>>> print(open('final16.pdb').read())   # PDB, C-alpha atoms
MODEL        1
ATOM      1  CA  THR A 136      -0.982 -19.642  -8.370
ATOM      2  CA  LEU A 137       1.425 -18.545 -11.065
ATOM      3  CA  VAL A 138       4.691 -20.193 -12.161
ATOM      4  CA  VAL A 139       7.559 -17.757 -12.792
ATOM      5  CA  ASP A 140      11.073 -18.965 -13.620
ATOM      6  CA  GLY A 141      10.214 -22.428 -12.301
ATOM      7  CA  LEU A 142       8.885 -21.132  -8.960
ATOM      8  CA  THR A 143       5.222 -21.616  -8.082
ATOM      9  CA  ARG A 144       4.039 -18.327  -6.618
ATOM     10  CA  SER A 145       0.757 -17.679  -4.869
ATOM     11  CA  TYR A 146      -1.503 -14.740  -4.117
ATOM     12  CA  THR A 147      -4.848 -13.875  -2.565
ATOM     13  CA  LEU A 148      -7.325 -11.870  -4.631
ATOM     14  CA  ASN A 149     -10.170  -9.777  -3.211
ATOM     15  CA  LEU A 150     -12.985  -8.748  -5.540
ATOM     16  CA  PRO A 151     -15.347  -6.049  -4.235
ATOM     17  CA  PRO A 152     -19.041  -6.904  -3.794
ATOM     18  CA  ASN A 153     -19.986  -4.852  -6.887
ATOM     19  CA  TYR A 154     -17.530  -6.702  -9.156
ATOM     20  CA  TYR A 155     -20.201  -8.452 -11.252
ATOM     21  CA  ASP A 156     -22.242  -5.242 -11.664
ATOM     22  CA  ALA A 157     -19.497  -2.875 -12.847
ATOM     23  CA  THR A 158     -16.395  -2.529 -15.046
ATOM     24  CA  ASP A 159     -13.182  -0.500 -15.213
ATOM     25  CA  PHE A 160     -11.821  -1.497 -11.804
ATOM     26  CA  SER A 161      -8.609  -0.253 -10.251
ATOM     27  CA  LEU A 162      -6.142  -2.862  -8.997
ATOM     28  CA  VAL A 163      -3.953  -2.432  -5.922
ATOM     29  CA  VAL A 164      -0.993  -4.787  -5.553
ATOM     30  CA  ALA A 165      -0.470  -5.012  -1.765
ATOM     31  CA  LEU A 166       2.971  -6.283  -0.699
ATOM     32  CA  HIS A 167       3.509  -7.593   2.825
ATOM     33  CA  GLY A 168       6.594  -6.729   4.838
ATOM     34  CA  GLY A 169       9.563  -9.006   5.447
ATOM     35  CA  GLY A 170       8.519 -11.911   7.661
ATOM     36  CA  GLY A 171       4.860 -11.267   6.840
ATOM     37  CA  SER A 172       2.470 -13.043   4.511
ATOM     38  CA  ALA A 173      -0.388 -12.304   2.149
ATOM     39  CA  GLU A 174      -2.926 -13.411   4.766
ATOM     40  CA  GLN A 175      -1.284 -11.361   7.524
ATOM     41  CA  PHE A 176      -1.112  -8.239   5.346
ATOM     42  CA  GLU A 177      -4.731  -8.551   4.275
ATOM     43  CA  THR A 178      -5.748  -8.724   7.939
ATOM     44  CA  THR A 179      -3.508  -5.985   9.335
ATOM     45  CA  SER A 180      -3.760  -3.504   6.435
ATOM     46  CA  LYS A 181      -7.563  -3.732   6.232
ATOM     47  CA  LEU A 182      -7.201  -3.019   2.509
ATOM     48  CA  SER A 183      -9.905  -5.528   1.603
ATOM     49  CA  ASP A 184     -12.359  -3.632   3.802
ATOM     50  CA  LYS A 185     -11.440  -0.395   2.016
ATOM     51  CA  ALA A 186     -11.556  -2.101  -1.402
ATOM     52  CA  ASN A 187     -15.004  -3.542  -0.692
ATOM     53  CA  ALA A 188     -16.325  -0.153   0.451
ATOM     54  CA  SER A 189     -14.726   1.818  -2.402
ATOM     55  CA  GLY A 190     -15.082  -0.718  -5.229
ATOM     56  CA  PHE A 191     -11.557  -1.672  -6.262
ATOM     57  CA  ILE A 192      -9.701  -4.978  -6.567
ATOM     58  CA  VAL A 193      -6.767  -5.794  -4.315
ATOM     59  CA  VAL A 194      -4.261  -8.612  -4.723
ATOM     60  CA  TYR A 195      -1.923  -9.826  -1.988
ATOM     61  CA  PRO A 196       1.072 -11.626  -3.525
ATOM     62  CA  GLU A 197       3.080 -14.001  -1.341
ATOM     63  CA  GLY A 198       6.815 -13.428  -0.928
ATOM     64  CA  VAL A 199       9.175 -16.394  -1.163
ATOM     65  CA  GLN A 200       9.680 -18.330   2.052
ATOM     66  CA  SER A 201      13.245 -18.749   3.274
ATOM     67  CA  THR A 202      14.771 -22.134   3.978
ATOM     68  CA  GLY A 203      15.930 -20.944   7.416
ATOM     69  CA  PRO A 204      14.452 -22.087  10.728
ATOM     70  CA  LEU A 205      11.922 -19.237  10.827
ATOM     71  CA  GLY A 206      10.783 -19.689   7.219
ATOM     72  CA  ALA A 207      10.366 -15.917   6.927
ATOM     73  CA  ARG A 208       9.008 -14.528   3.670
ATOM     74  CA  SER A 209      10.707 -11.621   1.908
ATOM     75  CA  TRP A 210      10.885  -9.709  -1.366
ATOM     76  CA  ASN A 211      13.869  -9.092  -3.611
ATOM     77  CA  ALA A 212      13.787  -5.301  -3.507
ATOM     78  CA  GLY A 213      17.401  -4.984  -4.674
ATOM     79  CA  ASN A 214      19.787  -4.443  -1.774
ATOM     80  CA  CYS A 215      17.349  -5.922   0.707
ATOM     81  CA  CYS A 216      16.086  -8.285   2.163
ATOM     82  CA  ASP A 217      17.383 -11.644   3.268
ATOM     83  CA  TYR A 218      16.483 -14.806   1.375
ATOM     84  CA  ALA A 219      14.749 -13.250  -1.654
ATOM     85  CA  SER A 220      17.564 -10.800  -2.332
ATOM     86  CA  ASP A 221      20.359 -13.252  -1.520
ATOM     87  CA  ASN A 222      18.882 -15.788  -3.960
ATOM     88  CA  THR A 223      17.975 -13.289  -6.699
ATOM     89  CA  ILE A 224      14.304 -14.282  -6.591
ATOM     90  CA  PRO A 225      12.569 -12.814  -9.697
ATOM     91  CA  ASP A 226       9.931 -10.827  -7.812
ATOM     92  CA  VAL A 227       9.614  -8.118 -10.472
ATOM     93  CA  ALA A 228       8.889 -10.835 -13.055
ATOM     94  CA  PHE A 229       6.367 -12.400 -10.641
ATOM     95  CA  ILE A 230       4.485  -9.132 -10.127
ATOM     96  CA  SER A 231       4.639  -8.330 -13.860
ATOM     97  CA  GLY A 232       3.213 -11.754 -14.737
ATOM     98  CA  LEU A 233       0.604 -11.456 -11.999
ATOM     99  CA  ILE A 234      -0.557  -8.090 -13.348
ATOM    100  CA  ASP A 235      -0.776  -9.567 -16.863
ATOM    101  CA  LYS A 236      -2.763 -12.553 -15.594
ATOM    102  CA  LEU A 237      -5.197 -10.364 -13.671
ATOM    103  CA  LEU A 238      -5.621  -7.886 -16.547
ATOM    104  CA  SER A 239      -6.522 -10.730 -18.900
ATOM    105  CA  GLY A 240      -8.943 -12.436 -16.516
ATOM    106  CA  TYR A 241     -10.673  -9.583 -14.675
ATOM    107  CA  LYS A 242     -12.343  -6.259 -15.468
ATOM    108  CA  ILE A 243      -9.328  -4.110 -14.566
ATOM    109  CA  ASN A 244      -8.397  -0.837 -16.237
ATOM    110  CA  PRO A 245      -4.694  -1.259 -17.179
ATOM    111  CA  LYS A 246      -4.117   2.454 -16.498
ATOM    112  CA  LYS A 247      -5.305   2.016 -12.895
ATOM    113  CA  VAL A 248      -2.797  -0.475 -11.465
ATOM    114  CA  TYR A 249      -1.166   0.665  -8.234
ATOM    115  CA  ALA A 250       1.299  -0.838  -5.773
ATOM    116  CA  THR A 251       1.620  -0.405  -2.046
ATOM    117  CA  GLY A 252       3.661  -2.200   0.539
ATOM    118  CA  HIS A 253       4.940  -2.106   4.068
ATOM    119  CA  SER A 254       8.661  -2.135   4.890
ATOM    120  CA  ASN A 255      10.262  -4.750   2.575
ATOM    121  CA  GLY A 256       7.023  -4.714   0.537
ATOM    122  CA  GLY A 257       7.319  -0.940   0.144
ATOM    123  CA  MET A 258      10.893  -1.411  -1.015
ATOM    124  CA  LEU A 259       9.628  -3.738  -3.741
ATOM    125  CA  ALA A 260       6.968  -1.139  -4.658
ATOM    126  CA  TYR A 261       9.824   1.298  -5.333
ATOM    127  CA  ARG A 262      11.562  -1.300  -7.490
ATOM    128  CA  LEU A 263       8.315  -1.865  -9.421
ATOM    129  CA  ALA A 264       8.072   1.901 -10.040
ATOM    130  CA  CYS A 265      11.603   1.789 -11.464
ATOM    131  CA  GLU A 266      11.252  -1.349 -13.581
ATOM    132  CA  LEU A 267       7.523  -1.628 -14.391
ATOM    133  CA  SER A 268       6.535   2.007 -14.869
ATOM    134  CA  GLU A 269       4.618   1.015 -18.004
ATOM    135  CA  LYS A 270       2.317  -1.126 -15.823
ATOM    136  CA  ILE A 271       2.263   0.719 -12.476
ATOM    137  CA  ALA A 272       0.319   4.012 -12.372
ATOM    138  CA  ALA A 273       1.567   5.070  -8.908
ATOM    139  CA  ILE A 274       2.941   3.651  -5.670
ATOM    140  CA  ALA A 275       2.175   4.283  -1.988
ATOM    141  CA  PRO A 276       4.857   2.593   0.130
ATOM    142  CA  ASN A 277       5.105   2.963   3.884
ATOM    143  CA  SER A 278       7.889   2.409   6.394
ATOM    144  CA  SER A 279      10.357   1.717   3.594
ATOM    145  CA  THR A 280      13.053   3.191   1.420
ATOM    146  CA  MET A 281      14.446   2.666  -2.075
ATOM    147  CA  VAL A 282      17.170  -0.012  -2.120
ATOM    148  CA  VAL A 283      17.499  -0.836  -5.825
ATOM    149  CA  ASN A 284      20.810  -2.264  -7.100
ATOM    150  CA  GLN A 285      20.845  -0.294 -10.345
ATOM    151  CA  PRO A 286      19.926   3.289 -11.244
ATOM    152  CA  CYS A 287      16.195   3.902 -11.297
ATOM    153  CA  ASN A 288      15.305   4.911 -14.856
ATOM    154  CA  PRO A 289      11.554   4.452 -15.309
ATOM    155  CA  SER A 290      10.132   4.924 -18.789
ATOM    156  CA  ARG A 291       7.843   7.589 -17.298
ATOM    157  CA  ALA A 292       7.542   9.487 -14.027
ATOM    158  CA  VAL A 293       5.660   7.444 -11.415
ATOM    159  CA  PRO A 294       3.762   9.358  -8.705
ATOM    160  CA  ILE A 295       4.702   8.336  -5.153
ATOM    161  CA  LEU A 296       2.909   8.806  -1.843
ATOM    162  CA  HIS A 297       5.515   7.871   0.773
ATOM    163  CA  MET A 298       4.430   7.396   4.385
ATOM    164  CA  HIS A 299       7.052   6.980   7.078
ATOM    165  CA  SER A 300       7.506   7.846  10.734
ATOM    166  CA  VAL A 301      10.599   9.472  12.185
ATOM    167  CA  LEU A 302      10.054   7.052  15.077
ATOM    168  CA  ASP A 303      10.570   3.961  12.855
ATOM    169  CA  THR A 304      13.307   1.864  14.486
ATOM    170  CA  HIS A 305      13.451  -0.822  11.778
ATOM    171  CA  VAL A 306      13.831   1.182   8.560
ATOM    172  CA  SER A 307      15.392   4.621   8.985
ATOM    173  CA  TYR A 308      13.332   7.582   7.899
TER
ENDMDL
END
>>> encode(input="final16.pdb", output="structure tokens")
Amino acid sequence: TLVVDGLTRSYTLNLPPNYYDATDFSLVVALHGGGGSAEQFETTSKLSDKANASGFIVVYPEGVQSTGPLGARSWNAGNCCDYASDNTIPDVAFISGLIDKLLSGYKINPKKVYATGHSNGGMLAYRLACELSEKIAAIAPNSSTMVVNQPCNPSRAVPILHMHSVLDTHVSY
């Protein structure tokens, strides 16, 4: 766990099998979609399987749970989505602090930190590219769009691989 602005935040970390035999690992920050969870995203994305086979570290942060009857988790991506946005949850600060914590405690190359996310998680990946370009090497969001509240002025250009279907009925292409 990690405490950010008085909120206790959690995450799941996957270290590849060769972690203790190597150095200079890449880190992928994998952000679940709205209503999802770290555990759900690890299972459905199969990123841990890929990380284990390819030798990189992946972290699955947990979005803040709403106080509503469904208790859905979301990310404050700017103009979206639900509880996290409505309550100005400091998700950028959480991910920034999480990256710092992992860089100081694990064998991660600070120039090889990437973010990916699905839907609301992809929207946060875009916000991270805008606000944490000094920490994020590139992003690969899917089924999402950029919904930041302020102009995106990263300190450097951030490469983006955007994946989206024209058949997406939840987030318009």
>>> atom_distance(input="final16.pdb", atom1="CA of Ala275 in chain A", atom2="CA of Leu205 in chain A")
28.5 Å
>>> atom_distance(input="final16.pdb", atom1="CA of Pro276 in chain A", atom2="CA of Gly169 in chain A")
13.6 Å
>>> closest_residue(input="final16.pdb", among="A:Arg291, A:Lys247, A:Lys236, A:His253", to="Gly170 in chain A", atoms="only C-alpha atoms")
A:His253
>>> closest_residue(input="final16.pdb", among="A:Glu174, A:Gly257, A:Asn277, A:Trp210", to="Val301 in chain A", atoms="all atoms listed in the file")
A:Asn277
>>> closest_residue(input="final16.pdb", among="A:Ala165, A:Leu137, A:Ala212, A:Leu150", to="Ala188 in chain A", atoms="only C-alpha atoms")
A:Leu150
>>> residues_around(input="final16.pdb", residues="Ser209 in chain A", least_positions_apart="2", cutoff="9 Å", atoms="only C-alpha atoms", output="PyMOL selection string")
chain A and resi 167-172+197-201+207+211-212+215-220+255-256
>>> resolve_selection(input="final16.pdb", expression="the PyMOL selection byres ((chain A and resi 162) around 9)", output="ChimeraX atom specification")
/A:160-161,163-164,191-194,234,237,243-245,247-250
>>> build_atoms(input="final16.pdb", residues="range 272-297 of chain A", atoms="N, CA, C and O atoms", output="PDB file, keeping the file's coordinate frame")
ATOM      1  N   ALA A 272       0.726   2.609 -12.265  1.00  0.00           N
ATOM      2  CA  ALA A 272       0.319   4.012 -12.372  1.00  0.00           C
ATOM      3  C   ALA A 272       0.940   4.871 -11.277  1.00  0.00           C
ATOM      4  O   ALA A 272       1.341   6.012 -11.521  1.00  0.00           O
ATOM      5  N   ALA A 273       1.034   4.334 -10.046  1.00  0.00           N
ATOM      6  CA  ALA A 273       1.567   5.070  -8.908  1.00  0.00           C
ATOM      7  C   ALA A 273       1.855   4.074  -7.796  1.00  0.00           C
ATOM      8  O   ALA A 273       1.342   2.944  -7.812  1.00  0.00           O
ATOM      9  N   ILE A 274       2.660   4.502  -6.832  1.00  0.00           N
ATOM     10  CA  ILE A 274       2.941   3.651  -5.670  1.00  0.00           C
ATOM     11  C   ILE A 274       2.685   4.431  -4.387  1.00  0.00           C
ATOM     12  O   ILE A 274       2.775   5.668  -4.369  1.00  0.00           O
ATOM     13  N   ALA A 275       2.388   3.691  -3.312  1.00  0.00           N
ATOM     14  CA  ALA A 275       2.175   4.283  -1.988  1.00  0.00           C
ATOM     15  C   ALA A 275       2.835   3.392  -0.938  1.00  0.00           C
ATOM     16  O   ALA A 275       2.157   2.654  -0.229  1.00  0.00           O
ATOM     17  N   PRO A 276       4.162   3.419  -0.861  1.00  0.00           N
ATOM     18  CA  PRO A 276       4.857   2.593   0.130  1.00  0.00           C
ATOM     19  C   PRO A 276       4.828   3.240   1.512  1.00  0.00           C
ATOM     20  O   PRO A 276       4.674   4.456   1.633  1.00  0.00           O
ATOM     21  N   ASN A 277       4.966   2.404   2.538  1.00  0.00           N
ATOM     22  CA  ASN A 277       5.105   2.963   3.884  1.00  0.00           C
ATOM     23  C   ASN A 277       6.189   2.219   4.646  1.00  0.00           C
ATOM     24  O   ASN A 277       6.466   1.052   4.385  1.00  0.00           O
ATOM     25  N   SER A 278       6.812   2.950   5.548  1.00  0.00           N
ATOM     26  CA  SER A 278       7.889   2.409   6.394  1.00  0.00           C
ATOM     27  C   SER A 278       8.949   1.702   5.557  1.00  0.00           C
ATOM     28  O   SER A 278       9.351   0.584   5.856  1.00  0.00           O
ATOM     29  N   SER A 279       9.394   2.346   4.493  1.00  0.00           N
ATOM     30  CA  SER A 279      10.357   1.717   3.594  1.00  0.00           C
ATOM     31  C   SER A 279      11.277   2.774   3.000  1.00  0.00           C
ATOM     32  O   SER A 279      11.163   3.957   3.303  1.00  0.00           O
ATOM     33  N   THR A 280      12.157   2.311   2.144  1.00  0.00           N
ATOM     34  CA  THR A 280      13.053   3.191   1.420  1.00  0.00           C
ATOM     35  C   THR A 280      13.401   2.522   0.092  1.00  0.00           C
ATOM     36  O   THR A 280      13.092   1.354  -0.101  1.00  0.00           O
ATOM     37  N   MET A 281      14.041   3.248  -0.798  1.00  0.00           N
ATOM     38  CA  MET A 281      14.446   2.666  -2.075  1.00  0.00           C
ATOM     39  C   MET A 281      15.816   2.016  -1.904  1.00  0.00           C
ATOM     40  O   MET A 281      16.754   2.657  -1.439  1.00  0.00           O
ATOM     41  N   VAL A 282      15.912   0.736  -2.282  1.00  0.00           N
ATOM     42  CA  VAL A 282      17.170  -0.012  -2.120  1.00  0.00           C
ATOM     43  C   VAL A 282      17.552  -0.745  -3.401  1.00  0.00           C
ATOM     44  O   VAL A 282      18.153  -1.812  -3.356  1.00  0.00           O
ATOM     45  N   VAL A 283      17.225  -0.167  -4.551  1.00  0.00           N
ATOM     46  CA  VAL A 283      17.499  -0.836  -5.825  1.00  0.00           C
ATOM     47  C   VAL A 283      19.001  -0.954  -6.059  1.00  0.00           C
ATOM     48  O   VAL A 283      19.786  -0.144  -5.571  1.00  0.00           O
ATOM     49  N   ASN A 284      19.401  -1.999  -6.806  1.00  0.00           N
ATOM     50  CA  ASN A 284      20.810  -2.264  -7.100  1.00  0.00           C
ATOM     51  C   ASN A 284      21.330  -1.474  -8.291  1.00  0.00           C
ATOM     52  O   ASN A 284      22.529  -1.352  -8.472  1.00  0.00           O
ATOM     53  N   GLN A 285      20.435  -1.006  -9.136  1.00  0.00           N
ATOM     54  CA  GLN A 285      20.845  -0.294 -10.345  1.00  0.00           C
ATOM     55  C   GLN A 285      20.127   1.044 -10.377  1.00  0.00           C
ATOM     56  O   GLN A 285      19.143   1.236  -9.676  1.00  0.00           O
ATOM     57  N   PRO A 286      20.612   1.989 -11.170  1.00  0.00           N
ATOM     58  CA  PRO A 286      19.926   3.289 -11.244  1.00  0.00           C
ATOM     59  C   PRO A 286      18.455   3.119 -11.628  1.00  0.00           C
ATOM     60  O   PRO A 286      18.105   2.276 -12.436  1.00  0.00           O
ATOM     61  N   CYS A 287      17.631   3.933 -11.016  1.00  0.00           N
ATOM     62  CA  CYS A 287      16.195   3.902 -11.297  1.00  0.00           C
ATOM     63  C   CYS A 287      15.925   4.801 -12.493  1.00  0.00           C
ATOM     64  O   CYS A 287      16.035   6.019 -12.399  1.00  0.00           O
ATOM     65  N   ASN A 288      15.594   4.184 -13.620  1.00  0.00           N
ATOM     66  CA  ASN A 288      15.305   4.911 -14.856  1.00  0.00           C
ATOM     67  C   ASN A 288      13.971   4.474 -15.426  1.00  0.00           C
ATOM     68  O   ASN A 288      13.920   3.779 -16.437  1.00  0.00           O
ATOM     69  N   PRO A 289      12.860   4.861 -14.787  1.00  0.00           N
ATOM     70  CA  PRO A 289      11.554   4.452 -15.309  1.00  0.00           C
ATOM     71  C   PRO A 289      11.301   5.071 -16.673  1.00  0.00           C
ATOM     72  O   PRO A 289      11.843   6.133 -17.003  1.00  0.00           O
ATOM     73  N   SER A 290      10.463   4.409 -17.460  1.00  0.00           N
ATOM     74  CA  SER A 290      10.132   4.924 -18.789  1.00  0.00           C
ATOM     75  C   SER A 290       9.233   6.153 -18.703  1.00  0.00           C
ATOM     76  O   SER A 290       9.074   6.867 -19.682  1.00  0.00           O
ATOM     77  N   ARG A 291       8.653   6.394 -17.545  1.00  0.00           N
ATOM     78  CA  ARG A 291       7.843   7.589 -17.298  1.00  0.00           C
ATOM     79  C   ARG A 291       7.896   7.894 -15.803  1.00  0.00           C
ATOM     80  O   ARG A 291       8.228   7.021 -15.000  1.00  0.00           O
ATOM     81  N   ALA A 292       7.585   9.119 -15.441  1.00  0.00           N
ATOM     82  CA  ALA A 292       7.542   9.487 -14.027  1.00  0.00           C
ATOM     83  C   ALA A 292       6.396   8.731 -13.342  1.00  0.00           C
ATOM     84  O   ALA A 292       5.302   8.627 -13.890  1.00  0.00           O
ATOM     85  N   VAL A 293       6.663   8.188 -12.173  1.00  0.00           N
ATOM     86  CA  VAL A 293       5.660   7.444 -11.415  1.00  0.00           C
ATOM     87  C   VAL A 293       5.362   8.222 -10.126  1.00  0.00           C
ATOM     88  O   VAL A 293       6.262   8.434  -9.313  1.00  0.00           O
ATOM     89  N   PRO A 294       4.113   8.654  -9.941  1.00  0.00           N
ATOM     90  CA  PRO A 294       3.762   9.358  -8.705  1.00  0.00           C
ATOM     91  C   PRO A 294       3.965   8.454  -7.479  1.00  0.00           C
ATOM     92  O   PRO A 294       3.712   7.246  -7.533  1.00  0.00           O
ATOM     93  N   ILE A 295       4.420   9.069  -6.390  1.00  0.00           N
ATOM     94  CA  ILE A 295       4.702   8.336  -5.153  1.00  0.00           C
ATOM     95  C   ILE A 295       4.074   9.070  -3.973  1.00  0.00           C
ATOM     96  O   ILE A 295       4.262  10.281  -3.815  1.00  0.00           O
ATOM     97  N   LEU A 296       3.350   8.324  -3.147  1.00  0.00           N
ATOM     98  CA  LEU A 296       2.909   8.806  -1.843  1.00  0.00           C
ATOM     99  C   LEU A 296       3.688   7.981  -0.836  1.00  0.00           C
ATOM    100  O   LEU A 296       3.451   6.772  -0.701  1.00  0.00           O
ATOM    101  N   HIS A 297       4.658   8.597  -0.167  1.00  0.00           N
ATOM    102  CA  HIS A 297       5.515   7.871   0.773  1.00  0.00           C
ATOM    103  C   HIS A 297       5.089   8.229   2.193  1.00  0.00           C
ATOM    104  O   HIS A 297       5.007   9.399   2.548  1.00  0.00           O
TER     105      HIS A 297
END
